[in-house]
>>> print(open('entry.txt').read())   # compact mmCIF, C-alpha atoms (C1' of nucleotides)
# COMPACT_ATOMS: atom_id res chain seq x y z
CA MET A 1 0.00 0.00 0.00
CA SER A 2 2.96 2.26 0.43
CA GLU A 3 3.10 3.07 -3.24
CA PRO A 4 1.35 6.20 -4.48
CA PHE A 5 -0.73 4.33 -7.03
CA ALA A 6 -2.49 2.29 -4.37
CA VAL A 7 -2.91 5.36 -2.22
CA VAL A 8 -4.91 7.27 -4.81
CA ALA A 9 -6.82 4.17 -5.88
CA ASP A 10 -9.33 4.80 -3.11
CA PRO A 11 -11.94 7.46 -3.86
CA THR A 12 -12.22 8.58 -0.25
CA ARG A 13 -8.49 9.20 -0.08
CA ARG A 14 -8.64 11.19 -3.28
CA ARG A 15 -11.34 13.33 -1.72
CA VAL A 16 -9.16 13.85 1.32
CA LEU A 17 -6.30 15.00 -0.85
CA ASP A 18 -8.60 17.29 -2.80
CA LEU A 19 -9.78 18.84 0.44
CA LEU A 20 -6.24 19.31 1.68
CA ARG A 21 -5.31 20.95 -1.58
CA THR A 22 -7.13 24.06 -0.45
CA ARG A 23 -5.68 24.26 3.04
CA PRO A 24 -4.68 22.13 6.03
CA ARG A 25 -7.57 20.57 7.89
CA THR A 26 -8.29 18.84 11.17
CA VAL A 27 -9.65 15.33 11.37
CA THR A 28 -13.04 16.58 12.45
CA GLU A 29 -13.22 18.91 9.48
CA LEU A 30 -12.51 16.02 7.17
CA VAL A 31 -15.05 13.81 8.89
CA ASP A 32 -17.74 16.44 8.41
CA ALA A 33 -16.81 16.99 4.79
CA LEU A 34 -16.56 13.32 3.87
CA GLY A 35 -19.53 11.92 5.73
CA VAL A 36 -17.77 8.81 6.97
CA SER A 37 -16.93 7.77 10.50
CA GLN A 38 -14.04 9.36 12.35
CA PRO A 39 -12.03 6.12 12.70
CA THR A 40 -12.34 5.56 8.99
CA VAL A 41 -10.92 8.98 8.29
CA SER A 42 -8.11 8.43 10.77
CA LYS A 43 -7.19 5.18 9.06
CA HIS A 44 -7.13 6.79 5.64
CA LEU A 45 -4.99 9.55 7.07
CA ARG A 46 -2.64 6.94 8.43
CA VAL A 47 -2.25 5.46 4.96
CA LEU A 48 -1.66 8.88 3.47
CA ARG A 49 0.82 9.71 6.21
CA GLU A 50 2.82 6.51 5.76
CA ALA A 51 2.89 7.14 2.04
CA GLY A 52 4.33 10.58 2.71
CA VAL A 53 1.48 12.39 1.01
CA VAL A 54 0.41 14.28 4.14
CA THR A 55 2.11 15.57 7.26
CA VAL A 56 0.65 16.21 10.71
CA ARG A 57 1.08 19.11 13.05
CA ALA A 58 -0.26 18.73 16.57
CA GLU A 59 -1.99 21.67 18.18
CA ALA A 60 -3.43 20.70 21.56
CA GLN A 61 -5.89 17.93 20.75
CA ARG A 62 -6.28 19.05 17.18
CA ARG A 63 -4.18 17.47 14.47
CA TRP A 64 -3.69 19.60 11.40
CA TYR A 65 -3.14 17.51 8.31
CA GLU A 66 -1.31 19.18 5.49
CA LEU A 67 -0.78 18.08 1.90
CA ARG A 68 2.69 17.06 0.81
CA PRO A 69 2.20 16.22 -2.85
CA GLU A 70 5.73 15.22 -3.83
CA PRO A 71 5.06 11.45 -3.88
CA LEU A 72 2.33 12.05 -6.44
CA ALA A 73 5.09 12.94 -8.87
CA ALA A 74 5.74 9.22 -9.22
CA ILE A 75 2.30 8.82 -10.77
CA ASP A 76 2.91 11.76 -13.01
CA ASP A 77 6.23 10.32 -14.07
CA TRP A 78 4.68 7.01 -15.00
CA LEU A 79 1.93 8.78 -16.87
CA ALA A 80 4.32 11.02 -18.77
CA PRO A 81 5.04 8.68 -21.72
CA TYR A 82 1.30 8.30 -22.29
CA ARG A 83 0.36 11.92 -22.12
CA TRP A 84 1.11 12.87 -25.69
CA MET A 85 -1.18 10.08 -26.90
CA TRP A 86 -4.40 11.84 -26.00
CA ALA A 87 -3.01 15.33 -26.21
CA ASP A 88 -4.46 15.91 -29.67
CA ARG A 89 -8.06 15.60 -28.61
CA LEU A 90 -10.67 18.32 -29.13
CA ASP A 91 -8.40 21.14 -30.19
CA THR A 92 -4.90 22.21 -31.11
CA LEU A 93 -3.50 21.11 -27.76
CA GLY A 94 -0.50 19.23 -28.94
CA ARG A 95 -0.70 20.44 -32.46
CA HIS A 96 2.84 21.57 -31.98
CA LEU A 97 3.80 17.95 -31.43
CA ASP A 98 3.05 17.29 -35.08
CA THR A 99 6.28 18.95 -36.02
CA MET A 100 7.83 15.57 -35.40
CA GLU A 101 5.54 13.91 -37.94
CA ASP A 102 5.94 13.64 -41.68
CA ASP A 103 2.21 13.77 -42.24
CA PRO A 104 1.47 15.30 -45.66
CA ASP A 105 -2.30 15.80 -45.37
CA ALA A 106 -2.21 17.64 -42.11
CA MET B 1 -12.54 -1.79 -10.63
CA SER B 2 -13.80 -0.07 -13.73
CA GLU B 3 -12.21 3.20 -12.84
CA PRO B 4 -8.78 4.01 -14.26
CA PHE B 5 -7.24 4.60 -10.85
CA ALA B 6 -7.90 1.05 -9.73
CA VAL B 7 -6.73 -0.27 -13.08
CA VAL B 8 -3.26 1.21 -12.78
CA ALA B 9 -3.02 0.41 -9.09
CA ASP B 10 -1.76 -3.06 -9.94
CA PRO B 11 1.94 -3.25 -10.88
CA THR B 12 1.42 -6.10 -13.31
CA ARG B 13 -1.18 -4.14 -15.21
CA ARG B 14 1.12 -1.15 -15.38
CA ARG B 15 3.77 -3.40 -16.87
CA VAL B 16 1.27 -4.63 -19.42
CA LEU B 17 0.43 -1.09 -20.41
CA ASP B 18 4.10 -0.20 -20.62
CA LEU B 19 4.66 -3.15 -22.93
CA LEU B 20 1.72 -2.18 -25.12
CA ARG B 21 3.03 1.33 -25.33
CA THR B 22 5.67 0.14 -27.76
CA ARG B 23 3.39 -1.92 -30.00
CA PRO B 24 0.44 -4.30 -29.93
CA ARG B 25 1.19 -7.70 -28.44
CA THR B 26 -0.35 -11.15 -28.24
CA VAL B 27 -1.20 -12.80 -24.95
CA THR B 28 1.69 -15.21 -25.28
CA GLU B 29 4.11 -12.36 -25.80
CA LEU B 30 2.87 -10.72 -22.64
CA VAL B 31 3.06 -13.97 -20.69
CA ASP B 32 6.69 -14.42 -21.70
CA ALA B 33 7.56 -10.84 -20.87
CA LEU B 34 5.78 -10.77 -17.53
CA GLY B 35 6.69 -14.14 -16.13
CA VAL B 36 3.26 -14.91 -14.75
CA SER B 37 0.80 -17.58 -15.80
CA GLN B 38 -1.27 -17.20 -18.93
CA PRO B 39 -4.63 -17.18 -17.11
CA THR B 40 -3.37 -14.41 -14.87
CA VAL B 41 -2.42 -12.34 -17.87
CA SER B 42 -5.76 -13.01 -19.51
CA LYS B 43 -7.55 -11.83 -16.39
CA HIS B 44 -5.56 -8.64 -16.24
CA LEU B 45 -6.27 -8.09 -19.90
CA ARG B 46 -9.95 -8.51 -19.19
CA VAL B 47 -9.77 -5.77 -16.57
CA LEU B 48 -7.90 -3.51 -18.94
CA ARG B 49 -10.37 -4.26 -21.71
CA GLU B 50 -13.43 -3.53 -19.58
CA ALA B 51 -11.82 -0.30 -18.47
CA GLY B 52 -11.37 0.65 -22.11
CA VAL B 53 -7.62 0.93 -21.84
CA VAL B 54 -6.93 -1.79 -24.40
CA THR B 55 -8.68 -3.18 -27.45
CA VAL B 56 -8.45 -6.64 -28.99
CA ARG B 57 -8.11 -7.69 -32.59
CA ALA B 58 -8.55 -11.37 -33.37
CA GLU B 59 -6.24 -12.98 -35.89
CA ALA B 60 -6.83 -16.71 -36.09
CA GLN B 61 -6.11 -17.96 -32.56
CA ARG B 62 -3.93 -14.98 -31.77
CA ARG B 63 -5.41 -11.99 -30.01
CA TRP B 64 -3.57 -8.75 -30.58
CA TYR B 65 -3.99 -6.38 -27.67
CA GLU B 66 -3.52 -2.73 -28.43
CA LEU B 67 -3.22 0.23 -26.13
CA ARG B 68 -6.05 2.76 -26.01
CA PRO B 69 -4.79 5.32 -23.53
CA GLU B 70 -7.67 7.78 -23.51
CA PRO B 71 -9.11 6.64 -20.16
CA LEU B 72 -5.78 7.42 -18.56
CA ALA B 73 -6.55 11.07 -19.17
CA ALA B 74 -8.90 10.90 -16.19
CA ILE B 75 -5.92 10.24 -13.95
CA ASP B 76 -4.03 13.05 -15.58
CA ASP B 77 -6.97 15.37 -15.10
CA TRP B 78 -7.19 14.58 -11.41
CA LEU B 79 -3.48 15.04 -11.06
CA ALA B 80 -3.44 18.35 -12.90
CA PRO B 81 -4.18 20.66 -9.93
CA TYR B 82 -1.33 19.06 -8.01
CA ARG B 83 1.26 19.20 -10.73
CA TRP B 84 2.47 22.73 -10.17
CA MET B 85 3.10 21.93 -6.53
CA TRP B 86 6.18 19.88 -7.10
CA ALA B 87 7.23 21.55 -10.33
CA ASP B 88 9.59 23.80 -8.43
CA ARG B 89 11.27 21.15 -6.33
CA LEU B 90 15.05 20.93 -6.00
CA ASP B 91 15.57 24.65 -6.20
CA THR B 92 13.64 27.58 -4.77
CA LEU B 93 11.05 25.08 -3.58
CA GLY B 94 7.84 27.03 -3.44
CA ARG B 95 9.47 30.34 -2.81
CA HIS B 96 6.72 32.03 -4.79
CA LEU B 97 4.18 30.63 -2.35
CA ASP B 98 5.41 33.08 0.23
CA THR B 99 3.77 35.91 -1.66
CA MET B 100 0.50 34.79 -0.13
CA GLU B 101 1.86 35.01 3.38
CA ASP B 102 2.15 37.98 5.64
CA ASP B 103 5.35 36.64 7.10
CA PRO B 104 7.66 39.53 7.94
CA ASP B 105 10.86 37.60 8.65
CA ALA B 106 10.86 35.68 5.41
C1' DA C 1 -11.31 -36.08 -38.19
C1' DG C 2 -7.58 -35.50 -34.89
C1' DT C 3 -4.13 -32.82 -32.67
C1' DG C 4 -2.04 -29.07 -30.69
C1' DA C 5 -1.56 -24.09 -30.15
C1' DA C 6 -3.65 -19.79 -28.28
C1' DC C 7 -6.64 -17.90 -25.28
C1' DA C 8 -10.62 -17.45 -21.91
C1' DT C 9 -13.12 -18.90 -17.89
C1' DG C 10 -14.39 -21.44 -13.49
C1' DC C 11 -13.09 -22.63 -9.14
C1' DC C 12 -10.43 -22.37 -4.97
C1' DG C 13 -7.38 -20.24 -1.53
C1' DC C 14 -4.94 -16.54 0.39
C1' DT C 15 -4.08 -11.95 1.51
C1' DT C 16 -5.38 -7.24 1.68
C1' DT C 17 -8.62 -3.65 2.25
C1' DA C 18 -12.35 -0.83 3.70
C1' DT C 19 -15.59 0.17 7.20
C1' DG C 20 -18.06 0.07 11.58
C1' DT C 21 -18.32 -0.29 16.74
C1' DA C 22 -16.02 -0.07 20.90
C1' DT C 23 -12.26 1.46 23.56
C1' DA C 24 -7.88 3.79 24.82
C1' DT C 25 -5.06 8.21 25.10
C1' DG C 26 -4.12 13.02 25.54
C1' DC C 27 -5.19 17.56 26.60
C1' DG C 28 -7.80 21.82 28.20
C1' DG C 29 -11.41 23.84 30.89
C1' DG C 30 -14.19 24.31 34.93
C1' DC D 1 -9.36 16.65 39.87
C1' DC D 2 -12.77 15.38 36.79
C1' DC D 3 -15.07 15.76 32.32
C1' DG D 4 -15.53 16.26 27.56
C1' DC D 5 -13.51 16.96 23.12
C1' DA D 6 -10.28 15.35 19.49
C1' DT D 7 -7.90 11.64 17.73
C1' DA D 8 -5.85 7.06 17.43
C1' DT D 9 -5.99 2.14 17.90
C1' DA D 10 -8.14 -2.74 18.61
C1' DC D 11 -11.18 -5.89 17.06
C1' DA D 12 -14.38 -8.00 14.00
C1' DT D 13 -16.27 -8.62 9.48
C1' DA D 14 -17.47 -8.55 4.83
C1' DA D 15 -15.77 -7.93 0.42
C1' DA D 16 -12.53 -7.72 -3.14
C1' DG D 17 -8.13 -8.63 -5.49
C1' DC D 18 -4.58 -11.61 -7.25
C1' DG D 19 -2.66 -15.92 -8.13
C1' DG D 20 -2.51 -20.74 -9.66
C1' DC D 21 -4.50 -25.10 -11.58
C1' DA D 22 -7.77 -27.33 -14.34
C1' DT D 23 -10.75 -27.11 -18.08
C1' DG D 24 -13.40 -25.33 -22.04
C1' DT D 25 -13.27 -23.31 -26.76
C1' DT D 26 -11.74 -22.06 -31.20
C1' DC D 27 -8.90 -22.45 -35.07
C1' DA D 28 -5.07 -23.94 -38.24
C1' DC D 29 -2.81 -27.64 -40.01
C1' DT D 30 -2.12 -32.26 -41.44
>>> encode(input="entry.txt", output="structure tokens")
Amino acid sequence: MSEPFAVVADPTRRRVLDLLRTRPRTVTELVDALGVSQPTVSKHLRVLREAGVVTVRAEAQRRWYELRPEPLAAIDDWLAPYRWMWADRLDTLGRHLDTMEDDPDA
Amino acid sequence: MSEPFAVVADPTRRRVLDLLRTRPRTVTELVDALGVSQPTVSKHLRVLREAGVVTVRAEAQRRWYELRPEPLAAIDDWLAPYRWMWADRLDTLGRHLDTMEDDPDA
DNA sequence: AGTGAACATGCCGCTTTATGTATATGCGGG
DNA sequence: CCCGCATATACATAAAGCGGCATGTTCACT
């Protein structure tokens, strides 16, 4: 589970990350926003923490969870060789890639 | 499992996709390259097929599996808002983020 | 027709995962 | 000092994922 791919495979964890993208949040905040039980949130946060995708800062009883997105770069890196393949959908968006092609009817 | 995130969560399936990135392959080719049993490969291919990430072309007994990477764009789309966050790693490391802060001793 | 190659599917077992309830811990306020 | 809030962990459970083996199916070739 330590790998980033497995971490973002769960929809609830993706929602957590999306929420933390705005600003750091406490566990209670996340519980309210997600609509699942507090232990469930804590367990997802544990997974995210052990994967290095979030960090915790203790403030009295509150725990502020903050996004640390660096590990997500591994996903982006894997995805990189595929990205050009759908880049030419809908619009120009990658039209400049065609400079590498010898397509005569373009 | 239909969602792209779950599809790429499995390392074997990522290897399959990486192999298909070069060119279409038959099941036997993939079995040889992956070192797992043929039924296992067939099952992974089923998952990839149902997720729309690969297509099949029958040629006699051979089945040529071809990459169809469009569904992977969903992963890329989700990742997009995070991408800038690690773009400036190694150097100034988010120095421009400090413009939002009212930190006097920065 | 028979045989073997290529592939899919069924079945079984094992491990992991996701979630809930119940309980422990830590801290601040009265 | 005791109580309640915030969070983590323990325990139980149901479900899903991955793997292999055995078997079915289809087709080319002789």
>>> interface_residues(input="entry.txt", of="chain B", to="chain C", cutoff="9 Å", atoms="only C-alpha atoms (C1' of nucleotides)", output="ChimeraX atom specification")
/B:27-28,38-39,42-43,60-63
>>> closest_atom_pairs(input="entry.txt", of="chain A", to="chain B", cutoff="12 Å", atoms="all atoms listed in the file", output="CSV")
residue,atom,partner,partner_atom,distance
A:Met1,CA,B:Ala9,CA,9.6
A:Ser2,CA,B:Ala9,CA,11.4
A:Glu3,CA,B:Ala9,CA,8.9
A:Pro4,CA,B:Ala9,CA,8.6
A:Phe5,CA,B:Ala9,CA,5.0
A:Ala6,CA,B:Ala9,CA,5.1
A:Val7,CA,B:Ala9,CA,8.5
A:Val8,CA,B:Phe5,CA,7.0
A:Ala9,CA,B:Phe5,CA,5.0
A:Asp10,CA,B:Ala6,CA,7.7
A:Pro11,CA,B:Phe5,CA,8.9
A:Arg13,CA,B:Phe5,CA,11.8
A:Arg14,CA,B:Trp78,CA,8.9
A:Arg15,CA,B:Trp78,CA,10.6
A:Leu17,CA,B:Tyr82,CA,9.6
A:Asp18,CA,B:Pro81,CA,9.0
A:Leu19,CA,B:Pro81,CA,11.9
A:Leu20,CA,B:Tyr82,CA,10.9
A:Arg21,CA,B:Tyr82,CA,7.8
A:Thr22,CA,B:Pro81,CA,10.5
A:Val53,CA,B:Tyr82,CA,11.6
A:Leu67,CA,B:Tyr82,CA,10.0
A:Arg68,CA,B:Met85,CA,8.8
A:Pro69,CA,B:Met85,CA,6.9
A:Glu70,CA,B:Trp86,CA,5.7
A:Pro71,CA,B:Trp86,CA,9.1
A:Leu72,CA,B:Leu79,CA,8.0
A:Ala73,CA,B:Trp86,CA,7.2
A:Ala74,CA,B:Trp86,CA,10.9
A:Ile75,CA,B:Leu79,CA,8.5
A:Asp76,CA,B:Leu79,CA,7.4
A:Asp77,CA,B:Arg83,CA,10.7
A:Trp78,CA,B:Arg14,CA,8.9
A:Leu79,CA,B:Asp76,CA,7.4
A:Ala80,CA,B:Asp76,CA,9.2
A:Pro81,CA,B:Arg21,CA,8.4
A:Tyr82,CA,B:Pro69,CA,6.9
A:Arg83,CA,B:Ala73,CA,7.6
A:Trp84,CA,B:Pro69,CA,9.8
A:Met85,CA,B:Pro69,CA,6.9
A:Trp86,CA,B:Glu70,CA,5.8
A:Ala87,CA,B:Ala73,CA,9.0
A:Asp88,CA,B:Glu70,CA,10.7
A:Arg89,CA,B:Glu70,CA,9.3
>>> atom_distance(input="entry.txt", atom1="CA of Glu66 in chain A", atom2="CA of Gly35 in chain A")
19.6 Å
>>> calpha_fit_and_write(input="entry.txt", fixed="chain A", moving="chain B", output="mmCIF file with C-alpha atoms, in the frame of the given file")
data_model
loop_
_atom_site.group_PDB
_atom_site.id
_atom_site.type_symbol
_atom_site.label_atom_id
_atom_site.label_comp_id
_atom_site.auth_asym_id
_atom_site.auth_seq_id
_atom_site.Cartn_x
_atom_site.Cartn_y
_atom_site.Cartn_z
ATOM 1 C CA MET B 1 -0.271 0.538 -0.923
ATOM 2 C CA SER B 2 2.729 2.644 -0.074
ATOM 3 C CA GLU B 3 3.077 3.963 -3.560
ATOM 4 C CA PRO B 4 1.471 7.297 -4.420
ATOM 5 C CA PHE B 5 -0.542 5.862 -7.291
ATOM 6 C CA ALA B 6 -2.447 3.511 -5.026
ATOM 7 C CA VAL B 7 -2.892 6.266 -2.468
ATOM 8 C CA VAL B 8 -4.753 8.561 -4.833
ATOM 9 C CA ALA B 9 -6.678 5.709 -6.405
ATOM 10 C CA ASP B 10 -9.282 5.977 -3.667
ATOM 11 C CA PRO B 11 -11.823 8.795 -4.123
ATOM 12 C CA THR B 12 -12.192 9.384 -0.406
ATOM 13 C CA ARG B 13 -8.477 9.886 -0.013
ATOM 14 C CA ARG B 14 -8.446 12.321 -2.899
ATOM 15 C CA ARG B 15 -11.174 14.272 -1.151
ATOM 16 C CA VAL B 16 -9.107 14.299 2.010
ATOM 17 C CA LEU B 17 -6.133 15.666 0.140
ATOM 18 C CA ASP B 18 -8.297 18.270 -1.546
ATOM 19 C CA LEU B 19 -9.572 19.374 1.846
ATOM 20 C CA LEU B 20 -6.060 19.575 3.263
ATOM 21 C CA ARG B 21 -4.982 21.622 0.308
ATOM 22 C CA THR B 22 -6.774 24.603 1.790
ATOM 23 C CA ARG B 23 -5.449 24.265 5.338
ATOM 24 C CA PRO B 24 -4.616 21.715 8.017
ATOM 25 C CA ARG B 25 -7.619 19.968 9.523
ATOM 26 C CA THR B 26 -8.489 17.812 12.508
ATOM 27 C CA VAL B 27 -9.940 14.343 12.146
ATOM 28 C CA THR B 28 -13.344 15.524 13.280
ATOM 29 C CA GLU B 29 -13.359 18.245 10.663
ATOM 30 C CA LEU B 30 -12.614 15.691 7.992
ATOM 31 C CA VAL B 31 -15.276 13.320 9.293
ATOM 32 C CA ASP B 32 -17.887 16.067 9.096
ATOM 33 C CA ALA B 33 -16.805 17.104 5.630
ATOM 34 C CA LEU B 34 -16.608 13.598 4.217
ATOM 35 C CA GLY B 35 -19.682 12.022 5.702
ATOM 36 C CA VAL B 36 -18.040 8.730 6.555
ATOM 37 C CA SER B 37 -17.343 7.208 9.943
ATOM 38 C CA GLN B 38 -14.484 8.432 12.078
ATOM 39 C CA PRO B 39 -12.602 5.107 12.057
ATOM 40 C CA THR B 40 -12.763 5.070 8.282
ATOM 41 C CA VAL B 41 -11.251 8.516 8.128
ATOM 42 C CA SER B 42 -8.560 7.551 10.602
ATOM 43 C CA LYS B 43 -7.651 4.556 8.473
ATOM 44 C CA HIS B 44 -7.387 6.634 5.347
ATOM 45 C CA LEU B 45 -5.263 9.107 7.237
ATOM 46 C CA ARG B 46 -3.001 6.277 8.283
ATOM 47 C CA VAL B 47 -2.506 5.311 4.646
ATOM 48 C CA LEU B 48 -1.794 8.893 3.705
ATOM 49 C CA ARG B 49 0.598 9.254 6.617
ATOM 50 C CA GLU B 50 2.549 6.101 5.787
ATOM 51 C CA ALA B 51 2.782 7.256 2.199
ATOM 52 C CA GLY B 52 4.259 10.526 3.417
ATOM 53 C CA VAL B 53 1.522 12.625 1.896
ATOM 54 C CA VAL B 54 0.368 14.066 5.216
ATOM 55 C CA THR B 55 1.959 14.855 8.554
ATOM 56 C CA VAL B 56 0.372 15.031 11.996
ATOM 57 C CA ARG B 57 0.787 17.568 14.746
ATOM 58 C CA ALA B 58 -0.690 16.715 18.128
ATOM 59 C CA GLU B 59 -2.441 19.434 20.082
ATOM 60 C CA ALA B 60 -4.038 18.046 23.216
ATOM 61 C CA GLN B 61 -6.520 15.452 21.930
ATOM 62 C CA ARG B 62 -6.741 17.101 18.540
ATOM 63 C CA ARG B 63 -4.563 15.875 15.715
ATOM 64 C CA TRP B 64 -3.907 18.415 13.008
ATOM 65 C CA TYR B 65 -3.275 16.763 9.672
ATOM 66 C CA GLU B 66 -1.297 18.767 7.184
ATOM 67 C CA LEU B 67 -0.655 18.181 3.525
ATOM 68 C CA ARG B 68 2.846 17.229 2.402
ATOM 69 C CA PRO B 69 2.482 16.947 -1.351
ATOM 70 C CA GLU B 70 6.016 16.018 -2.348
ATOM 71 C CA PRO B 71 5.272 12.320 -2.951
ATOM 72 C CA LEU B 72 2.665 13.344 -5.483
ATOM 73 C CA ALA B 73 5.516 14.506 -7.675
ATOM 74 C CA ALA B 74 6.130 10.855 -8.525
ATOM 75 C CA ILE B 75 2.746 10.739 -10.219
ATOM 76 C CA ASP B 76 3.494 13.958 -12.008
ATOM 77 C CA ASP B 77 6.832 12.608 -13.143
ATOM 78 C CA TRP B 78 5.256 9.488 -14.582
ATOM 79 C CA LEU B 79 2.623 11.562 -16.273
ATOM 80 C CA ALA B 80 5.108 14.006 -17.753
ATOM 81 C CA PRO B 81 5.925 12.101 -20.980
ATOM 82 C CA TYR B 82 2.219 11.847 -21.736
ATOM 83 C CA ARG B 83 1.317 15.437 -21.085
ATOM 84 C CA TRP B 84 2.212 16.860 -24.464
ATOM 85 C CA MET B 85 0.013 14.275 -26.128
ATOM 86 C CA TRP B 86 -3.246 15.860 -25.189
ATOM 87 C CA ALA B 87 -1.954 19.409 -24.939
ATOM 88 C CA ASP B 88 -3.111 20.107 -28.462
ATOM 89 C CA ARG B 89 -6.600 18.694 -28.162
ATOM 90 C CA LEU B 90 -9.663 20.608 -29.345
ATOM 91 C CA ASP B 91 -7.879 22.248 -32.222
ATOM 92 C CA THR B 92 -5.284 20.983 -34.675
ATOM 93 C CA LEU B 93 -5.179 17.776 -32.655
ATOM 94 C CA GLY B 94 -1.729 16.401 -33.232
ATOM 95 C CA ARG B 95 -1.297 17.949 -36.612
ATOM 96 C CA HIS B 96 2.406 18.336 -35.922
ATOM 97 C CA LEU B 97 2.656 14.581 -35.468
ATOM 98 C CA ASP B 98 2.217 14.172 -39.185
ATOM 99 C CA THR B 99 5.704 15.510 -39.755
ATOM 100 C CA MET B 100 6.977 12.090 -38.770
ATOM 101 C CA GLU B 101 4.854 10.356 -41.361
ATOM 102 C CA ASP B 102 5.523 9.797 -45.001
ATOM 103 C CA ASP B 103 1.864 10.172 -45.799
ATOM 104 C CA PRO B 104 1.477 11.832 -49.189
ATOM 105 C CA ASP B 105 -2.252 12.577 -49.110
ATOM 106 C CA ALA B 106 -2.201 14.369 -45.798
#
>>> interface_residues(input="entry.txt", of="chain D", to="chain A", cutoff="10 Å", atoms="all atoms listed in the file", output="short mmCIF file (atom, residue, chain, number, x, y, z; two decimals) with C-alpha atoms (C1' of nucleotides), in the coordinates of the input")
data_model
loop_
_atom_site.label_atom_id
_atom_site.label_comp_id
_atom_site.auth_asym_id
_atom_site.auth_seq_id
_atom_site.Cartn_x
_atom_site.Cartn_y
_atom_site.Cartn_z
"C1'" DC D 5 -13.51 16.96 23.12
"C1'" DA D 6 -10.28 15.35 19.49
"C1'" DT D 7 -7.90 11.64 17.73
"C1'" DA D 8 -5.85 7.06 17.43
"C1'" DT D 9 -5.99 2.14 17.90
#
